[in-house]
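Take a look at the structure set out below.
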Amino acid sequence: MEAPYVKSAAQAAHPPRVLAVAGALIGAVLAVLLALAPAAEATSSPSPSPNPSQTVYQNTISGFLRNEGQPLQNVEIKVKGNGFEGSTRSGANGAWSVGVPSQGTYQVEVNTSTLPEGVKLAEGQENPRNVTFNQTSNVSAIFAFGKGIQVAQANLGQEIINRLVAGLSFGLLLALSAVGLSLIFGTTGLTNFAHGEMVTLGAVTVFGLAAAGLPFWLAVLLALVASAAFGWVQDAALWRPLRRRGTGLVPMMIVSIGLALAVRYVILFFFGGATQQLPYAQSPDIQLGPVSISPNNLWSLLISAVVIAAVGIVLLRTRLGKATRAVADNPALAAASGIDVDRVIRIVWVTGGLLAGLGGILWAYYRPGVTFDMGQQILLMIFAGVTLGGLGTVFGALVGSVVVGVFVELTTVFGVSSDLKYVGALAIMIAVLLFRPQGILGRRERVG
């Protein structure tokens, strides 16, 4: 067993000094939130809106009107549904967009009396047609024009492919937070119900810093630093003292629930209860072969895959990773081998906070939107992924999260309402606990 962290007398703990530093950091975070609160209230989104409709509503229905490659200008589009009625006209490039107050199903109709002379909808083209939002802030409605054009009907296979890709993106996003939660559980045995607030902190910090005028890339970088610092402060000021007192895991779990409530409502006090949008949240879908995906979801998929791969390499190939796995396997034996268990746990908390913050930023683009309770909304799905993969196993959390994400998205193909699709994740968690408590990659252990 390698022993990269040997504790010496010079490294003896100084509780007063640790608590002083932790108090100073917490005070600094609260001061930053207080300073940014006016900016958050004054600015609903730092990104510019492309037309007056989107300055009122965050959700949009859009499309392009073209006939034989030429744009159709000044054609009226009507949208109605969910108690809303609105209309717009296509621009010089054939583009049109209508903002709607909420996500749901809407009826979109081309006013054929406003079409240029000689231009007609393609044979079999559905007009009006229904469009439904599916966890994105923009939905497209494309109308075909001209003679001899065959209108492609909805293809179940293509829809399944799109949902599989969306599920993979969502699953990897879940895995970012699930891996951090699994690392914490594996090294400390703590079921941390405040992990959802670590997710929220990343997205809220990005919004606040961007609203204050910082460049987007710098806001993201500082948000990740703040998320990592929050993990460090939690362990230094709360969990390490409780471990040294010999506090049981059940009381510590109850403390984590109290911490989650406290942090959630502190964020509500400074941030407010409204849903806000991060910069560049509005982006139309792009077509990659048979797959239709938004650029934000594509970037989320790529970033999540790279970060999770990096975490896996660190755990498998580095001394720190081997020490972490040793502590997760047997803390007492790891300490006897010369590993500084407290330092490894501290690094795990920092890493968990960093991954949760990144997951929160990507979750804000996937939903889309930032709210004070967004971490709470995703927490049970994170638990479902960790439970399905195997408690305390990092790679199990990855596999379980991907399965949950794909399952959740595929349910919408078979008629499940978007409001109910997350119930499936909880059903998976219950089934796993009943029939295979150790999860997919977990080891069966004897109790008692």
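In the structure tokens, chains take letters A, B, ... by order of appearance, with residues numbered from 1 within each chain and ligands from 1 in the order shown.
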Report the closest atom pair, with its distance in Å rounded to one decimal, for each residue of region 275-362 of chain A that has an atom no farther than 10 Å from region 393-403 of chain A; count only C-alpha atoms, sort by chain and then rising residue number, and write it as a tab-separated table.
residue	atom	partner	partner_atom	distance
A:Ile308	CA	A:Leu398	CA	8.2
A:Val311	CA	A:Val394	CA	9.3
A:Gly312	CA	A:Phe395	CA	7.9
A:Leu315	CA	A:Val394	CA	9.1
A:Arg325	CA	A:Thr393	CA	9.5
A:Ala328	CA	A:Thr393	CA	9.1
Convert the current residue selection to file output with C-alpha atoms, as an mmCIF file, in the first residue's frame.
data_model
loop_
_atom_site.group_PDB
_atom_site.id
_atom_site.type_symbol
_atom_site.label_atom_id
_atom_site.label_comp_id
_atom_site.auth_asym_id
_atom_site.auth_seq_id
_atom_site.Cartn_x
_atom_site.Cartn_y
_atom_site.Cartn_z
ATOM 1 C CA ILE A 308 -15.420 11.955 -15.826
ATOM 2 C CA VAL A 311 -11.490 11.599 -12.668
ATOM 3 C CA GLY A 312 -11.269 7.920 -13.617
ATOM 4 C CA LEU A 315 -8.401 7.325 -9.359
ATOM 5 C CA ARG A 325 -9.515 3.947 -2.924
ATOM 6 C CA ALA A 328 -12.803 3.997 0.864
#
Might you pull out every residue within 12 Å of Tyr422 (chain A), with only C-alpha atoms counted and same-chain residues fewer than 6 positions away left off, and present them as number ranges by chain?
A: 135, 167, 170, 377-382, 384, 404-412, 416, 428-429
Write out the residues from the selection above, keeping N, CA and C atoms, as a compact mmCIF listing (two decimals), in the first residue's frame.
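Saved to result.txt:
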# COMPACT_ATOMS: atom_id res chain seq x y z
N GLN A 135 -38.11 19.78 -22.17
CA GLN A 135 -36.95 20.15 -21.35
C GLN A 135 -35.96 21.04 -22.10
N GLY A 167 -30.68 11.43 -23.51
CA GLY A 167 -30.52 10.69 -22.27
C GLY A 167 -29.06 10.49 -21.88
N PHE A 170 -27.93 13.81 -20.47
CA PHE A 170 -28.48 13.98 -19.14
C PHE A 170 -27.83 13.03 -18.14
N GLN A 377 -34.25 19.47 -6.79
CA GLN A 377 -35.03 18.78 -7.82
C GLN A 377 -34.26 17.62 -8.44
N ILE A 378 -32.96 17.74 -8.51
CA ILE A 378 -32.15 16.70 -9.16
C ILE A 378 -31.56 15.72 -8.16
N LEU A 379 -31.64 16.01 -6.86
CA LEU A 379 -30.95 15.21 -5.84
C LEU A 379 -31.41 13.76 -5.84
N LEU A 380 -32.73 13.51 -5.94
CA LEU A 380 -33.22 12.14 -5.89
C LEU A 380 -32.76 11.35 -7.12
N MET A 381 -32.62 12.03 -8.26
CA MET A 381 -32.10 11.33 -9.44
C MET A 381 -30.62 10.99 -9.26
N ILE A 382 -29.89 11.86 -8.59
CA ILE A 382 -28.48 11.56 -8.28
C ILE A 382 -28.41 10.34 -7.37
N ALA A 384 -30.62 8.04 -7.14
CA ALA A 384 -31.03 6.87 -7.92
C ALA A 384 -29.87 6.32 -8.73
N VAL A 404 -30.05 5.79 -15.68
CA VAL A 404 -31.19 6.62 -15.24
C VAL A 404 -31.50 7.70 -16.28
N GLY A 405 -30.46 8.38 -16.78
CA GLY A 405 -30.68 9.44 -17.75
C GLY A 405 -31.33 8.93 -19.03
N VAL A 406 -30.85 7.82 -19.55
CA VAL A 406 -31.42 7.25 -20.78
C VAL A 406 -32.85 6.78 -20.53
N PHE A 407 -33.08 6.12 -19.41
CA PHE A 407 -34.43 5.64 -19.10
C PHE A 407 -35.41 6.79 -18.99
N VAL A 408 -35.01 7.86 -18.31
CA VAL A 408 -35.89 9.02 -18.12
C VAL A 408 -36.28 9.63 -19.47
N GLU A 409 -35.31 9.77 -20.38
CA GLU A 409 -35.61 10.38 -21.67
C GLU A 409 -36.41 9.46 -22.59
N LEU A 410 -36.15 8.16 -22.54
CA LEU A 410 -36.86 7.24 -23.42
C LEU A 410 -38.34 7.11 -23.05
N THR A 411 -38.68 7.34 -21.80
CA THR A 411 -40.08 7.22 -21.39
C THR A 411 -40.98 8.21 -22.14
N THR A 412 -40.42 9.38 -22.55
CA THR A 412 -41.23 10.37 -23.25
C THR A 412 -41.61 9.90 -24.65
N VAL A 416 -45.17 9.08 -22.04
CA VAL A 416 -45.13 9.57 -20.66
C VAL A 416 -44.98 11.08 -20.68
N ILE A 428 -36.83 3.04 -10.42
CA ILE A 428 -35.60 2.25 -10.57
C ILE A 428 -34.91 2.08 -9.23
N MET A 429 -34.80 3.18 -8.47
CA MET A 429 -34.12 3.12 -7.18
C MET A 429 -34.83 2.15 -6.23
Would you give me, as number ranges by chain, the residues in region 147-383 of chain A that DSSP reads as strand (DSSP E)?
A: 286-288, 291-293
Have a look at A:Leu173, A:Ala323, A:Val98, A:Leu190 and name the one nearest to Thr247 (chain A); count only C-alpha atoms.
A:Leu190
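One distance worth recording is that between CA of Phe145 (chain A) and CA of Gln70 (chain A), which is 10.6 Å.
Rounded to one decimal, CA of Leu288 (chain A) and CA of Tyr106 (chain A) lie 25.9 Å from each other.
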Please run DSSP on the backbone and report, as a VMD selection string, all residues within region 232-315 of chain A that come out as alpha helix (DSSP H).
chain A and resid 232 to 234 240 to 244 249 to 271 295 to 315
Limited to N, CA and C atoms, could you put the picked residues into a file as a compact mmCIF listing (two decimals), in the first residue's frame?
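The resulting selection_7.txt:
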# COMPACT_ATOMS: atom_id res chain seq x y z
N TRP A 232 -14.62 22.35 0.87
CA TRP A 232 -13.55 22.42 1.88
C TRP A 232 -14.09 22.95 3.20
N VAL A 233 -14.88 24.03 3.14
CA VAL A 233 -15.42 24.64 4.36
C VAL A 233 -16.34 23.66 5.09
N GLN A 234 -17.17 22.93 4.34
CA GLN A 234 -18.07 21.96 4.98
C GLN A 234 -17.28 20.97 5.82
N ARG A 240 -15.47 17.21 9.83
CA ARG A 240 -14.29 16.69 10.54
C ARG A 240 -14.47 16.78 12.06
N PRO A 241 -14.93 17.92 12.61
CA PRO A 241 -15.18 17.94 14.07
C PRO A 241 -16.18 16.88 14.51
N LEU A 242 -17.21 16.63 13.71
CA LEU A 242 -18.18 15.61 14.08
C LEU A 242 -17.56 14.21 14.04
N ARG A 243 -16.69 13.96 13.04
CA ARG A 243 -16.02 12.66 12.99
C ARG A 243 -15.13 12.46 14.20
N ARG A 244 -14.43 13.52 14.61
CA ARG A 244 -13.53 13.39 15.77
C ARG A 244 -14.29 13.18 17.07
N LEU A 249 -23.34 7.89 11.99
CA LEU A 249 -23.69 8.27 10.62
C LEU A 249 -25.13 8.77 10.52
N VAL A 250 -26.05 8.21 11.30
CA VAL A 250 -27.44 8.66 11.25
C VAL A 250 -27.56 10.09 11.76
N PRO A 251 -26.99 10.46 12.91
CA PRO A 251 -27.04 11.87 13.32
C PRO A 251 -26.36 12.79 12.30
N MET A 252 -25.27 12.35 11.69
CA MET A 252 -24.61 13.18 10.68
C MET A 252 -25.50 13.36 9.45
N MET A 253 -26.23 12.32 9.08
CA MET A 253 -27.16 12.44 7.95
C MET A 253 -28.24 13.47 8.27
N ILE A 254 -28.74 13.47 9.52
CA ILE A 254 -29.75 14.44 9.91
C ILE A 254 -29.17 15.85 9.89
N VAL A 255 -27.91 15.99 10.30
CA VAL A 255 -27.24 17.29 10.22
C VAL A 255 -27.17 17.75 8.77
N SER A 256 -26.89 16.82 7.85
CA SER A 256 -26.80 17.20 6.43
C SER A 256 -28.15 17.70 5.91
N ILE A 257 -29.25 17.12 6.40
CA ILE A 257 -30.58 17.60 6.00
C ILE A 257 -30.79 19.03 6.50
N GLY A 258 -30.41 19.28 7.75
CA GLY A 258 -30.51 20.64 8.28
C GLY A 258 -29.63 21.62 7.52
N LEU A 259 -28.42 21.19 7.16
CA LEU A 259 -27.53 22.05 6.38
C LEU A 259 -28.14 22.36 5.02
N ALA A 260 -28.75 21.35 4.40
CA ALA A 260 -29.37 21.56 3.09
C ALA A 260 -30.47 22.61 3.17
N LEU A 261 -31.32 22.52 4.19
CA LEU A 261 -32.40 23.49 4.34
C LEU A 261 -31.85 24.88 4.59
N ALA A 262 -30.82 24.98 5.43
CA ALA A 262 -30.25 26.29 5.75
C ALA A 262 -29.65 26.94 4.50
N VAL A 263 -28.83 26.20 3.76
CA VAL A 263 -28.18 26.77 2.57
C VAL A 263 -29.22 27.11 1.51
N ARG A 264 -30.22 26.24 1.34
CA ARG A 264 -31.24 26.47 0.32
C ARG A 264 -31.97 27.79 0.54
N TYR A 265 -32.33 28.08 1.80
CA TYR A 265 -33.10 29.29 2.05
C TYR A 265 -32.22 30.53 2.19
N VAL A 266 -30.94 30.35 2.46
CA VAL A 266 -30.02 31.48 2.34
C VAL A 266 -29.90 31.89 0.87
N ILE A 267 -29.80 30.89 -0.01
CA ILE A 267 -29.76 31.20 -1.46
C ILE A 267 -31.06 31.85 -1.89
N LEU A 268 -32.20 31.37 -1.41
CA LEU A 268 -33.49 31.97 -1.74
C LEU A 268 -33.54 33.43 -1.29
N PHE A 269 -33.00 33.73 -0.11
CA PHE A 269 -33.03 35.10 0.42
C PHE A 269 -32.27 36.06 -0.48
N PHE A 270 -31.10 35.63 -0.96
CA PHE A 270 -30.27 36.53 -1.76
C PHE A 270 -30.62 36.46 -3.25
N PHE A 271 -30.98 35.28 -3.73
CA PHE A 271 -31.18 35.08 -5.17
C PHE A 271 -32.62 35.34 -5.59
N PRO A 295 -26.90 22.95 -29.12
CA PRO A 295 -25.46 23.10 -28.85
C PRO A 295 -25.12 22.99 -27.38
N ASN A 296 -26.00 23.50 -26.50
CA ASN A 296 -25.73 23.42 -25.06
C ASN A 296 -25.68 21.97 -24.58
N ASN A 297 -26.62 21.14 -25.06
CA ASN A 297 -26.61 19.73 -24.66
C ASN A 297 -25.40 19.00 -25.24
N LEU A 298 -24.99 19.38 -26.45
CA LEU A 298 -23.82 18.76 -27.06
C LEU A 298 -22.57 19.10 -26.26
N TRP A 299 -22.42 20.38 -25.91
CA TRP A 299 -21.26 20.77 -25.09
C TRP A 299 -21.31 20.09 -23.72
N SER A 300 -22.51 19.97 -23.15
CA SER A 300 -22.65 19.31 -21.85
C SER A 300 -22.18 17.86 -21.94
N LEU A 301 -22.57 17.19 -23.01
CA LEU A 301 -22.16 15.79 -23.20
C LEU A 301 -20.64 15.67 -23.29
N LEU A 302 -20.02 16.53 -24.08
CA LEU A 302 -18.56 16.46 -24.28
C LEU A 302 -17.81 16.81 -23.00
N ILE A 303 -18.23 17.89 -22.33
CA ILE A 303 -17.54 18.32 -21.11
C ILE A 303 -17.67 17.25 -20.03
N SER A 304 -18.87 16.71 -19.85
CA SER A 304 -19.07 15.68 -18.82
C SER A 304 -18.20 14.46 -19.10
N ALA A 305 -18.16 14.03 -20.35
CA ALA A 305 -17.37 12.84 -20.69
C ALA A 305 -15.89 13.07 -20.41
N VAL A 306 -15.37 14.23 -20.77
CA VAL A 306 -13.94 14.52 -20.55
C VAL A 306 -13.62 14.58 -19.06
N VAL A 307 -14.46 15.27 -18.29
CA VAL A 307 -14.19 15.41 -16.85
C VAL A 307 -14.28 14.07 -16.14
N ILE A 308 -15.29 13.27 -16.47
CA ILE A 308 -15.42 11.95 -15.83
C ILE A 308 -14.25 11.05 -16.20
N ALA A 309 -13.81 11.11 -17.45
CA ALA A 309 -12.64 10.33 -17.85
C ALA A 309 -11.41 10.76 -17.06
N ALA A 310 -11.24 12.07 -16.85
CA ALA A 310 -10.10 12.58 -16.08
C ALA A 310 -10.16 12.09 -14.64
N VAL A 311 -11.35 12.10 -14.04
CA VAL A 311 -11.49 11.60 -12.67
C VAL A 311 -11.14 10.12 -12.60
N GLY A 312 -11.59 9.35 -13.59
CA GLY A 312 -11.27 7.92 -13.62
C GLY A 312 -9.78 7.66 -13.72
N ILE A 313 -9.08 8.46 -14.55
CA ILE A 313 -7.63 8.30 -14.69
C ILE A 313 -6.92 8.62 -13.38
N VAL A 314 -7.38 9.69 -12.71
CA VAL A 314 -6.77 10.06 -11.43
C VAL A 314 -6.95 8.95 -10.40
N LEU A 315 -8.14 8.37 -10.35
CA LEU A 315 -8.40 7.33 -9.36
C LEU A 315 -7.61 6.05 -9.64
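Among the candidate residues A:Thr205, A:Thr371, A:Thr191, A:Ser337, the one lying nearest to Gln276 (chain A) is A:Thr371, with distances computed using only C-alpha atoms.
The nearest approach to Thr200 (chain A) among the residues A:Phe133, A:Phe64, A:Phe230, A:Phe383, with only C-alpha atoms taken into account, belongs to A:Phe230.
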Could you list, as a compact mmCIF listing (two decimals) with C-alpha atoms, in the first residue's frame, every residue within 7 Å of Asn138 (chain A), counting only C-alpha atoms and ignoring same-chain residues fewer than 3 positions away?
# COMPACT_ATOMS: atom_id res chain seq x y z
CA ASN A 59 -39.54 29.96 -23.98
CA THR A 60 -39.80 30.31 -27.75
CA ILE A 61 -41.23 28.52 -30.77
CA PRO A 284 -31.74 26.51 -31.61
For Leu176 (chain A), list every protein, DNA or RNA residue within 6 Å, evaluated using only C-alpha atoms, and leave out those in the same chain fewer than 3 positions away; present the list as a short mmCIF file (atom, residue, chain, number, x, y, z; two decimals) with all heavy atoms, in the first residue's frame.
data_model
loop_
_atom_site.label_atom_id
_atom_site.label_comp_id
_atom_site.auth_asym_id
_atom_site.auth_seq_id
_atom_site.Cartn_x
_atom_site.Cartn_y
_atom_site.Cartn_z
N LEU A 173 -24.39 14.23 -17.24
CA LEU A 173 -24.55 15.39 -16.36
C LEU A 173 -24.83 14.93 -14.93
O LEU A 173 -24.25 15.44 -13.96
CB LEU A 173 -25.68 16.25 -16.91
CG LEU A 173 -26.12 17.53 -16.25
CD1 LEU A 173 -26.86 18.38 -17.28
CD2 LEU A 173 -27.05 17.30 -15.07
N VAL A 179 -20.78 11.10 -9.04
CA VAL A 179 -19.42 10.64 -8.72
C VAL A 179 -18.91 11.31 -7.45
O VAL A 179 -18.31 10.67 -6.58
CB VAL A 179 -18.49 10.91 -9.92
CG1 VAL A 179 -17.03 10.80 -9.51
CG2 VAL A 179 -18.78 9.94 -11.05
N LEU A 355 -17.10 19.00 -8.66
CA LEU A 355 -17.92 18.24 -9.62
C LEU A 355 -19.39 18.62 -9.51
O LEU A 355 -20.09 18.73 -10.53
CB LEU A 355 -17.73 16.74 -9.41
CG LEU A 355 -16.34 16.18 -9.70
CD1 LEU A 355 -16.28 14.70 -9.34
CD2 LEU A 355 -15.97 16.38 -11.17
N GLY A 359 -21.67 20.21 -12.41
CA GLY A 359 -22.93 19.58 -12.76
C GLY A 359 -24.10 20.55 -12.66
O GLY A 359 -25.02 20.52 -13.49
#
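In this comparison, which uses only C-alpha atoms, the residue of A:Leu238, A:Leu72, A:Ile161, A:Ala122 approaching Arg346 (chain A) most closely is A:Leu238.
Residue nearest Leu168 (chain A), chosen from A:Ser102, A:Val75, A:Thr114, A:Ile293 and counting only C-alpha atoms: A:Ile293.
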Identify which of the residues A:Val206, A:Thr187, A:Gly369, A:Val432 lies closest to Arg343 (chain A), counting only C-alpha atoms when measuring atom-to-atom distances.
A:Thr187
